[in-house]
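The next block holds one structure in the form of structure tokens; read it before the comments.
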Amino acid sequence: MSNVRNFGATGDGRTDDTAAILHAIKDGDGTLEFPRGDYLITRTIEVPLEKVGRTAVVGSGGVAKLVMKGPGPALRIIGTHAGTADPASFKPTVWRAQRSPTLLNIEIEGGHAEADGVELIGTMQALLEGVGLHRLRHGVMLSKRNRNVLISHCQIYHNTGVGVLLDGVNLHQINIIGNHISYCRLGGIRIQRSQIRNLQITGNDIEYNNNRSHRIKDEPTAEIYIDTTAEGASVNEVTIGSNTIQATPSPGGANIRIIDKPGRDRPPGLYAISGNIIGSQTNNVHLTGCYGVSLSGNSIYSCVRRNLLLENCRQITIGSNHFRRHTPAMGTGVRLVDSTDCVLSGCQMLDEAAEGQRSGASLLELTGCRRITVAGCQMTGGVPYGIDVADCSDVSITGCTITEAREKPKATAMLRWRGRGSGNLLASNRIGRGTEGATVIDARSGVVARGNLIDEKS
């Protein structure tokens with residue numbers, strides 16, 4: 001290893017060690033070791049892999065810290081890989097000299113309002129493990145072209161921008177695994193203006209990524225934010241699984257926010273969101289223009305507006321999720337607007353508060369939708385309704401339990417179906433009664449009701 005102190009770095013937190021670290025990169029043996037200390041730098045430390053070869057930055061078990069006193073990233077790792085993830089596309093010189101740039105067990109702290117942590121450009125098989133990124137603007141930034149990136153077991157904490165920012169990147173195969181990403185003002189993981197395939201966000205704790213702990217200018221944000229509306233942008237083949245994704249409510253905020261725009265070159269979609277704990281935001285999961293999303297096995301709780309909000313989506317599968325709230329001050333419920341070809345099955349929606357939720361939203365709302373299947377769900381305690389359908393066609397609600405569990409009913413009715421529609425089916429459900437009866441169905445809505453069991457209690 002090349003000990004940076006052998007090249008003149010002091011690590012005393014006062015001396016500018018920038019030149020010494022650049023010297024170590026240029027003339028060292030490829031593995032930069034930072035012993036315990038605070039290494040002050042005033043400009044970006046660039047690692048041009050084409051010139052210096054394979055490089056690792058090692059922080060001696062996490063006891064070393066880089067303090068970035070200038071604008072821009074503390075470390076910028078630059079490769080020249082221009083191919084895909086296919087082995088045949090790698091140039092021999094790139095594989096030999098640039099593979100697997102590595103950052104291990106080092107902390108990077110900001111000492112400037114525009115200081116960032118790490119930027120990756122043109123890298124192949126980059127690895128960040130055990131890296132601490134604190135009081136920066138953005139923690140990790142990926143731009144231009146990268147392939148096969150691993151970000152694991154990092155502490156990305158209390159930054160004024162985004163924890164992990166993928167902006168204008170062409171990227172195949174990135175795994176974000178087992179990290180703590182919290183208290184970043186503009187979001188935990190944010191993707192914009194990018195072309196991405198094979199993204200795995202797994203086993204992370206992603207929390208409180210909004211303005212509350214910063215109190216600067218409040219902006220709508222999300223723990224995980226994916227926006228593909230820019231020209232040429234697309235994000236496909238995404239897994240969001242086994243994470244804790246929670247926050248405090250913020251204006252326009254969400255735990256997971258995906259805004260999709262179908263591309264022309266290949267089908268959009270291929271998202272799986274499963275096995276997560278998701279809670280405490282304005283909307284917990286908010287999807288707009290999305291296609292081909294599977295949302296299953298999640299516990300989704302406590303919203304200001306909706307646990308799940310779908311707008312102009314199609315082919316969304318919503319299965320075996322639990323929707324509820326943990327405090328009377330919050331709300332619960334699912335809303336689909338102008339969406340088609342969606343299935344909602346095996347879900348539980350629960351409102352236990354004595355007076356119902358403050359938002360006034362029913363547990364399940366369908367507005368302007370077509371070809372929606374709701375099967376085998378349980379809706380308990382919805383106020384004003386358990387299910388509220390408006391201006392929908394070809395909707396099937398079967399095998400559900402829609403009840404009021406309070407001793408004194410607060411629901412107006414268990415189900416309301418209004419507006420114009422056709423081809424709608426309400427069959428084989430167990431339906432309770434509210435203060436004005438069990439169901440309110442507009443004759444213009446085209447509903448055929450068959451074989452429903454209506455609770456006889458007054």
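Each chain in the structure tokens gets a letter, A, B and so on, in the order shown; residues start at 1 in every chain, and ligands are counted from 1 in the order they appear.
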
Near-Leu363 (chain A) list (10 Å; only C-alpha atoms; drop same-chain fewer than 2 positions) as number ranges by chain: A: 306-307, 323-324, 331-335, 348-351, 357, 360-361, 365, 379-388, 402, 414

Go ahead and write the selection's residues with C-alpha atoms as a PDB file, in the first residue's frame.
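To be explicit, this is the file written out as selection-v3.pdb:
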```
ATOM      1  CA  ARG A 306     -52.753   8.292  -0.021  1.00  0.00           C
ATOM      2  CA  ASN A 307     -50.794   5.148   0.771  1.00  0.00           C
ATOM      3  CA  PHE A 323     -52.385  -0.477   3.901  1.00  0.00           C
ATOM      4  CA  ARG A 324     -52.984   1.244   7.240  1.00  0.00           C
ATOM      5  CA  GLY A 331     -54.397   8.848   6.781  1.00  0.00           C
ATOM      6  CA  THR A 332     -54.682   5.685   4.740  1.00  0.00           C
ATOM      7  CA  GLY A 333     -56.110   4.614   1.391  1.00  0.00           C
ATOM      8  CA  VAL A 334     -55.485   3.812  -2.268  1.00  0.00           C
ATOM      9  CA  ARG A 335     -56.486   5.935  -5.275  1.00  0.00           C
ATOM     10  CA  GLN A 348     -55.924  -5.313   3.385  1.00  0.00           C
ATOM     11  CA  MET A 349     -56.975  -1.704   3.940  1.00  0.00           C
ATOM     12  CA  LEU A 350     -57.710  -0.665   7.481  1.00  0.00           C
ATOM     13  CA  ASP A 351     -58.942   2.445   9.267  1.00  0.00           C
ATOM     14  CA  GLN A 357     -59.380   9.801   8.885  1.00  0.00           C
ATOM     15  CA  GLY A 360     -61.929  12.438   4.131  1.00  0.00           C
ATOM     16  CA  ALA A 361     -60.679   9.859   1.602  1.00  0.00           C
ATOM     17  CA  GLU A 365     -61.032   5.176  -4.873  1.00  0.00           C
ATOM     18  CA  MET A 379     -61.546  -3.029   3.484  1.00  0.00           C
ATOM     19  CA  THR A 380     -62.439  -2.235   7.083  1.00  0.00           C
ATOM     20  CA  GLY A 381     -63.683   1.046   8.514  1.00  0.00           C
ATOM     21  CA  GLY A 382     -63.591   3.316   5.478  1.00  0.00           C
ATOM     22  CA  VAL A 383     -65.042   6.813   5.897  1.00  0.00           C
ATOM     23  CA  PRO A 384     -67.013   8.045   4.030  1.00  0.00           C
ATOM     24  CA  TYR A 385     -66.882   4.799   1.968  1.00  0.00           C
ATOM     25  CA  GLY A 386     -64.913   1.608   1.835  1.00  0.00           C
ATOM     26  CA  ILE A 387     -64.865   1.738  -1.979  1.00  0.00           C
ATOM     27  CA  ASP A 388     -65.743   4.815  -4.027  1.00  0.00           C
ATOM     28  CA  ILE A 402     -66.094  -4.421   2.868  1.00  0.00           C
ATOM     29  CA  MET A 414     -69.593   0.547   2.315  1.00  0.00           C
TER      30      MET A 414
END
```

Residues near region 210-220 of chain A, cut-off 12 Å, only C-alpha atoms, skip fewer than 6 positions along chain, as a count of residues only: 34

Non-local contacts of region 291-305 of chain A (8 Å; only C-alpha atoms; under 2 positions in same chain excluded) as a VMD selection string: chain A and resid 249 260 262 268 to 284 289 307 313 to 327 330 to 333 359 361

Output for the residues just chosen: C-alpha atoms as a short mmCIF file (atom, residue, chain, number, x, y, z; two decimals), in the first residue's frame:
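Saved the output as out-v2.cif:
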```cif
data_model
loop_
_atom_site.label_atom_id
_atom_site.label_comp_id
_atom_site.auth_asym_id
_atom_site.auth_seq_id
_atom_site.Cartn_x
_atom_site.Cartn_y
_atom_site.Cartn_z
CA PRO A 249 -44.46 14.33 5.76
CA ASP A 260 -42.49 7.48 -16.28
CA PRO A 262 -42.81 5.39 -22.30
CA PRO A 268 -41.03 0.66 -20.41
CA GLY A 269 -41.75 -0.92 -17.05
CA LEU A 270 -40.35 -4.07 -15.48
CA TYR A 271 -40.46 -2.78 -11.91
CA ALA A 272 -40.85 -4.98 -8.81
CA ILE A 273 -41.49 -3.25 -5.47
CA SER A 274 -41.78 -5.95 -2.81
CA GLY A 275 -41.23 -6.73 0.85
CA ASN A 276 -40.65 -3.14 1.99
CA ILE A 277 -41.79 -1.14 5.00
CA ILE A 278 -43.00 2.17 3.52
CA GLY A 279 -44.51 4.98 5.55
CA SER A 280 -45.12 8.51 6.78
CA GLN A 281 -45.16 10.86 3.81
CA THR A 282 -47.68 12.90 1.85
CA ASN A 283 -48.10 9.94 -0.51
CA ASN A 284 -46.29 6.75 0.34
CA GLY A 289 -47.52 7.33 -16.27
CA ASN A 307 -50.79 5.15 0.77
CA CYS A 313 -50.89 4.12 -15.22
CA ARG A 314 -51.45 0.77 -16.91
CA GLN A 315 -50.67 -2.86 -16.27
CA ILE A 316 -50.01 -2.39 -12.56
CA THR A 317 -50.27 -5.44 -10.30
CA ILE A 318 -50.99 -4.65 -6.63
CA GLY A 319 -50.97 -7.83 -4.57
CA SER A 320 -50.97 -8.81 -0.89
CA ASN A 321 -50.05 -5.43 0.54
CA HIS A 322 -51.12 -4.08 3.92
CA PHE A 323 -52.38 -0.48 3.90
CA ARG A 324 -52.98 1.24 7.24
CA ARG A 325 -51.92 4.09 9.50
CA HIS A 326 -50.27 4.15 12.89
CA THR A 327 -51.67 7.40 14.29
CA MET A 330 -52.31 10.49 9.49
CA GLY A 331 -54.40 8.85 6.78
CA THR A 332 -54.68 5.68 4.74
CA GLY A 333 -56.11 4.61 1.39
CA SER A 359 -58.34 13.50 4.83
CA ALA A 361 -60.68 9.86 1.60
#
```

For Ala443 (chain A): contacts at 12 Å, only C-alpha atoms, fewer than 6 positions along chain excluded, given as a PyMOL selection string: chain A and resi 416-422+424+449

Between CA of Cys369 (chain A) and CA of Asp394 (chain A) - distance in Å to one decimal: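 Here the two named atoms are 8.5 Å from each other.
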
Residue among A:Ser100, A:Thr15, A:Thr340, A:Gln125 lying closest to Arg147 (chain A), counting only C-alpha atoms: A:Gln125

Who sits within 6 Å of region 193-208 of chain A, only C-alpha atoms, same chain under 5 positions skipped, as a ChimeraX atom specification: /A:167-183,230,233-248

Every residue of region 207-434 of chain A that DSSP places in strand (DSSP E or B), as a PyMOL selection string: chain A and resi 207+222-227+234-241+244-246+254-259+271-274+277-288+291-296+299-311+314-319+322-324+331+334-337+340-345+348-350+364-367+370-375+378-380+385-390+393-398+401-403+413-418+424-427+430-431+434

Residue subset to file, keeping C-alpha atoms, as a short mmCIF file (atom, residue, chain, number, x, y, z; two decimals), in the first residue's frame:
```cif
data_model
loop_
_atom_site.label_atom_id
_atom_site.label_comp_id
_atom_site.auth_asym_id
_atom_site.auth_seq_id
_atom_site.Cartn_x
_atom_site.Cartn_y
_atom_site.Cartn_z
CA GLU A 207 -35.32 7.58 5.89
CA ALA A 222 -38.83 11.38 -2.16
CA GLU A 223 -36.77 8.70 -0.50
CA ILE A 224 -36.58 7.04 -3.92
CA TYR A 225 -37.33 9.30 -6.89
CA ILE A 226 -37.23 8.14 -10.52
CA ASP A 227 -38.09 10.58 -13.34
CA SER A 234 -35.69 5.44 -19.59
CA VAL A 235 -35.32 3.28 -16.49
CA ASN A 236 -36.20 -0.42 -16.76
CA GLU A 237 -35.55 -3.69 -14.92
CA VAL A 238 -35.78 -2.29 -11.40
CA THR A 239 -36.08 -4.12 -8.08
CA ILE A 240 -36.89 -2.23 -4.87
CA GLY A 241 -36.98 -4.91 -2.19
CA THR A 244 -37.23 0.36 5.23
CA ILE A 245 -38.40 3.50 3.44
CA GLN A 246 -39.96 6.04 5.78
CA ALA A 254 -43.40 10.68 -1.28
CA ASN A 255 -41.54 7.66 -0.05
CA ILE A 256 -41.34 6.25 -3.59
CA ARG A 257 -42.09 8.58 -6.53
CA ILE A 258 -41.87 7.27 -10.10
CA ILE A 259 -42.75 9.47 -13.06
CA TYR A 271 -40.46 -2.78 -11.91
CA ALA A 272 -40.85 -4.98 -8.81
CA ILE A 273 -41.49 -3.25 -5.47
CA SER A 274 -41.78 -5.95 -2.81
CA ILE A 277 -41.79 -1.14 5.00
CA ILE A 278 -43.00 2.17 3.52
CA GLY A 279 -44.51 4.98 5.55
CA SER A 280 -45.12 8.51 6.78
CA GLN A 281 -45.16 10.86 3.81
CA THR A 282 -47.68 12.90 1.85
CA ASN A 283 -48.10 9.94 -0.51
CA ASN A 284 -46.29 6.75 0.34
CA VAL A 285 -46.05 5.35 -3.20
CA HIS A 286 -46.90 7.76 -6.04
CA LEU A 287 -46.78 6.48 -9.64
CA THR A 288 -47.51 8.63 -12.70
CA TYR A 291 -46.41 0.68 -16.99
CA GLY A 292 -45.62 -2.86 -15.90
CA VAL A 293 -45.11 -2.39 -12.14
CA SER A 294 -45.61 -5.15 -9.58
CA LEU A 295 -46.22 -3.93 -6.01
CA SER A 296 -46.50 -6.87 -3.61
CA SER A 299 -46.47 -2.91 4.59
CA ILE A 300 -47.49 0.63 3.62
CA TYR A 301 -48.64 2.93 6.39
CA SER A 302 -49.54 6.49 7.35
CA CYS A 303 -49.94 9.14 4.69
CA VAL A 304 -51.28 12.67 4.46
CA ARG A 305 -53.10 11.90 1.18
CA ARG A 306 -52.75 8.29 -0.02
CA ASN A 307 -50.79 5.15 0.77
CA LEU A 308 -50.78 4.46 -2.96
CA LEU A 309 -51.63 6.95 -5.70
CA LEU A 310 -51.71 5.88 -9.36
CA GLU A 311 -52.22 8.46 -12.11
CA ARG A 314 -51.45 0.77 -16.91
CA GLN A 315 -50.67 -2.86 -16.27
CA ILE A 316 -50.01 -2.39 -12.56
CA THR A 317 -50.27 -5.44 -10.30
CA ILE A 318 -50.99 -4.65 -6.63
CA GLY A 319 -50.97 -7.83 -4.57
CA HIS A 322 -51.12 -4.08 3.92
CA PHE A 323 -52.38 -0.48 3.90
CA ARG A 324 -52.98 1.24 7.24
CA GLY A 331 -54.40 8.85 6.78
CA VAL A 334 -55.49 3.81 -2.27
CA ARG A 335 -56.49 5.94 -5.27
CA LEU A 336 -56.35 5.07 -8.99
CA VAL A 337 -57.00 7.87 -11.49
CA THR A 340 -56.20 0.92 -17.13
CA ASP A 341 -55.54 -2.82 -16.94
CA CYS A 342 -54.68 -2.93 -13.23
CA VAL A 343 -55.22 -5.72 -10.72
CA LEU A 344 -55.64 -5.23 -6.96
CA SER A 345 -55.79 -8.54 -5.08
CA GLN A 348 -55.92 -5.31 3.38
CA MET A 349 -56.98 -1.70 3.94
CA LEU A 350 -57.71 -0.66 7.48
CA LEU A 364 -60.20 2.57 -2.23
CA GLU A 365 -61.03 5.18 -4.87
CA LEU A 366 -61.26 4.55 -8.62
CA THR A 367 -61.82 7.55 -10.90
CA ARG A 370 -60.99 1.03 -17.24
CA ARG A 371 -60.42 -2.70 -16.91
CA ILE A 372 -59.64 -2.77 -13.20
CA THR A 373 -59.92 -6.01 -11.21
CA VAL A 374 -60.33 -5.86 -7.41
CA ALA A 375 -60.41 -9.37 -5.91
CA GLN A 378 -60.54 -6.64 2.83
CA MET A 379 -61.55 -3.03 3.48
CA THR A 380 -62.44 -2.23 7.08
CA TYR A 385 -66.88 4.80 1.97
CA GLY A 386 -64.91 1.61 1.83
CA ILE A 387 -64.87 1.74 -1.98
CA ASP A 388 -65.74 4.82 -4.03
CA VAL A 389 -65.95 4.41 -7.84
CA ALA A 390 -66.63 7.23 -10.30
CA SER A 393 -65.96 0.99 -17.04
CA ASP A 394 -65.12 -2.72 -17.11
CA VAL A 395 -64.37 -2.77 -13.39
CA SER A 396 -64.78 -6.06 -11.53
CA ILE A 397 -65.03 -6.14 -7.71
CA THR A 398 -65.35 -9.74 -6.51
CA THR A 401 -65.03 -8.05 2.44
CA ILE A 402 -66.09 -4.42 2.87
CA THR A 403 -67.15 -3.77 6.43
CA ALA A 413 -72.02 3.34 3.09
CA MET A 414 -69.59 0.55 2.32
CA LEU A 415 -69.58 1.23 -1.42
CA ARG A 416 -70.54 4.09 -3.69
CA TRP A 417 -70.60 3.74 -7.50
CA ARG A 418 -71.43 6.90 -9.44
CA ASN A 424 -69.02 -3.17 -14.37
CA LEU A 425 -69.44 -6.17 -12.04
CA LEU A 426 -70.00 -6.33 -8.27
CA ALA A 427 -70.23 -9.99 -7.26
CA ARG A 430 -69.43 -9.50 1.88
CA ILE A 431 -70.75 -5.97 2.36
CA GLY A 434 -73.03 2.37 7.00
#
```

At most 12 Å is the cut-off: for each residue in region 24-58 of chain A with any atom that close to an atom of region 71-92 of chain A, write down the nearest atom pair and the distance in Å rounded to one decimal, counting only C-alpha atoms, chain first then increasing number, as a tab-separated table.
```
residue	atom	partner	partner_atom	distance
A:Ile25	CA	A:Ile77	CA	11.4
A:Tyr39	CA	A:Ala74	CA	11.0
A:Leu40	CA	A:Ala74	CA	10.0
A:Ile41	CA	A:Ala74	CA	7.6
A:Thr42	CA	A:Pro71	CA	8.0
A:Arg43	CA	A:Pro71	CA	7.0
A:Thr44	CA	A:Ala74	CA	4.8
A:Ile45	CA	A:Leu75	CA	4.9
A:Glu46	CA	A:Arg76	CA	4.8
A:Val47	CA	A:Ile77	CA	4.8
A:Pro48	CA	A:Ile78	CA	5.0
A:Leu49	CA	A:Gly79	CA	5.4
A:Glu50	CA	A:Gly79	CA	6.4
A:Lys51	CA	A:Gly79	CA	9.6
A:Val52	CA	A:Gly79	CA	10.5
A:Gly53	CA	A:Gly79	CA	9.6
A:Arg54	CA	A:Gly79	CA	10.0
A:Thr55	CA	A:Ile77	CA	9.3
A:Ala56	CA	A:Ile77	CA	10.4
A:Val57	CA	A:Leu75	CA	9.8
```

Could you write out that same residue set with C-alpha atoms as a short mmCIF file (atom, residue, chain, number, x, y, z; two decimals), in the first residue's frame?
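Listed below is the output, again.cif:
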```cif
data_model
loop_
_atom_site.label_atom_id
_atom_site.label_comp_id
_atom_site.auth_asym_id
_atom_site.auth_seq_id
_atom_site.Cartn_x
_atom_site.Cartn_y
_atom_site.Cartn_z
CA ILE A 25 -2.12 8.89 -6.74
CA TYR A 39 -7.21 15.04 5.67
CA LEU A 40 -8.20 18.51 4.51
CA ILE A 41 -8.48 19.05 0.73
CA THR A 42 -9.41 22.20 -1.15
CA ARG A 43 -10.08 20.90 -4.66
CA THR A 44 -11.26 17.68 -6.29
CA ILE A 45 -8.93 14.71 -6.13
CA GLU A 46 -9.18 13.22 -9.62
CA VAL A 47 -8.21 9.63 -10.30
CA PRO A 48 -7.70 9.25 -14.10
CA LEU A 49 -7.66 5.46 -14.38
CA GLU A 50 -6.31 5.48 -17.92
CA LYS A 51 -3.12 7.16 -16.63
CA VAL A 52 -2.68 5.75 -13.12
CA GLY A 53 -4.13 2.27 -13.58
CA ARG A 54 -6.21 0.21 -11.16
CA THR A 55 -6.76 2.17 -7.95
CA ALA A 56 -8.17 1.61 -4.47
CA VAL A 57 -8.67 4.19 -1.71
#
```

Test item: residues at most 6 Å from Asn146 (chain A), only C-alpha atoms, excluding those fewer than 3 positions along its chain, as a PyMOL selection string: chain A and resi 122-124+171

Coordinates-based distance that separates CA of Ala115 (chain A) from CA of Leu136 (chain A) (Å, one decimal):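 Rounded to one decimal, the two atoms are 5.5 Å apart.
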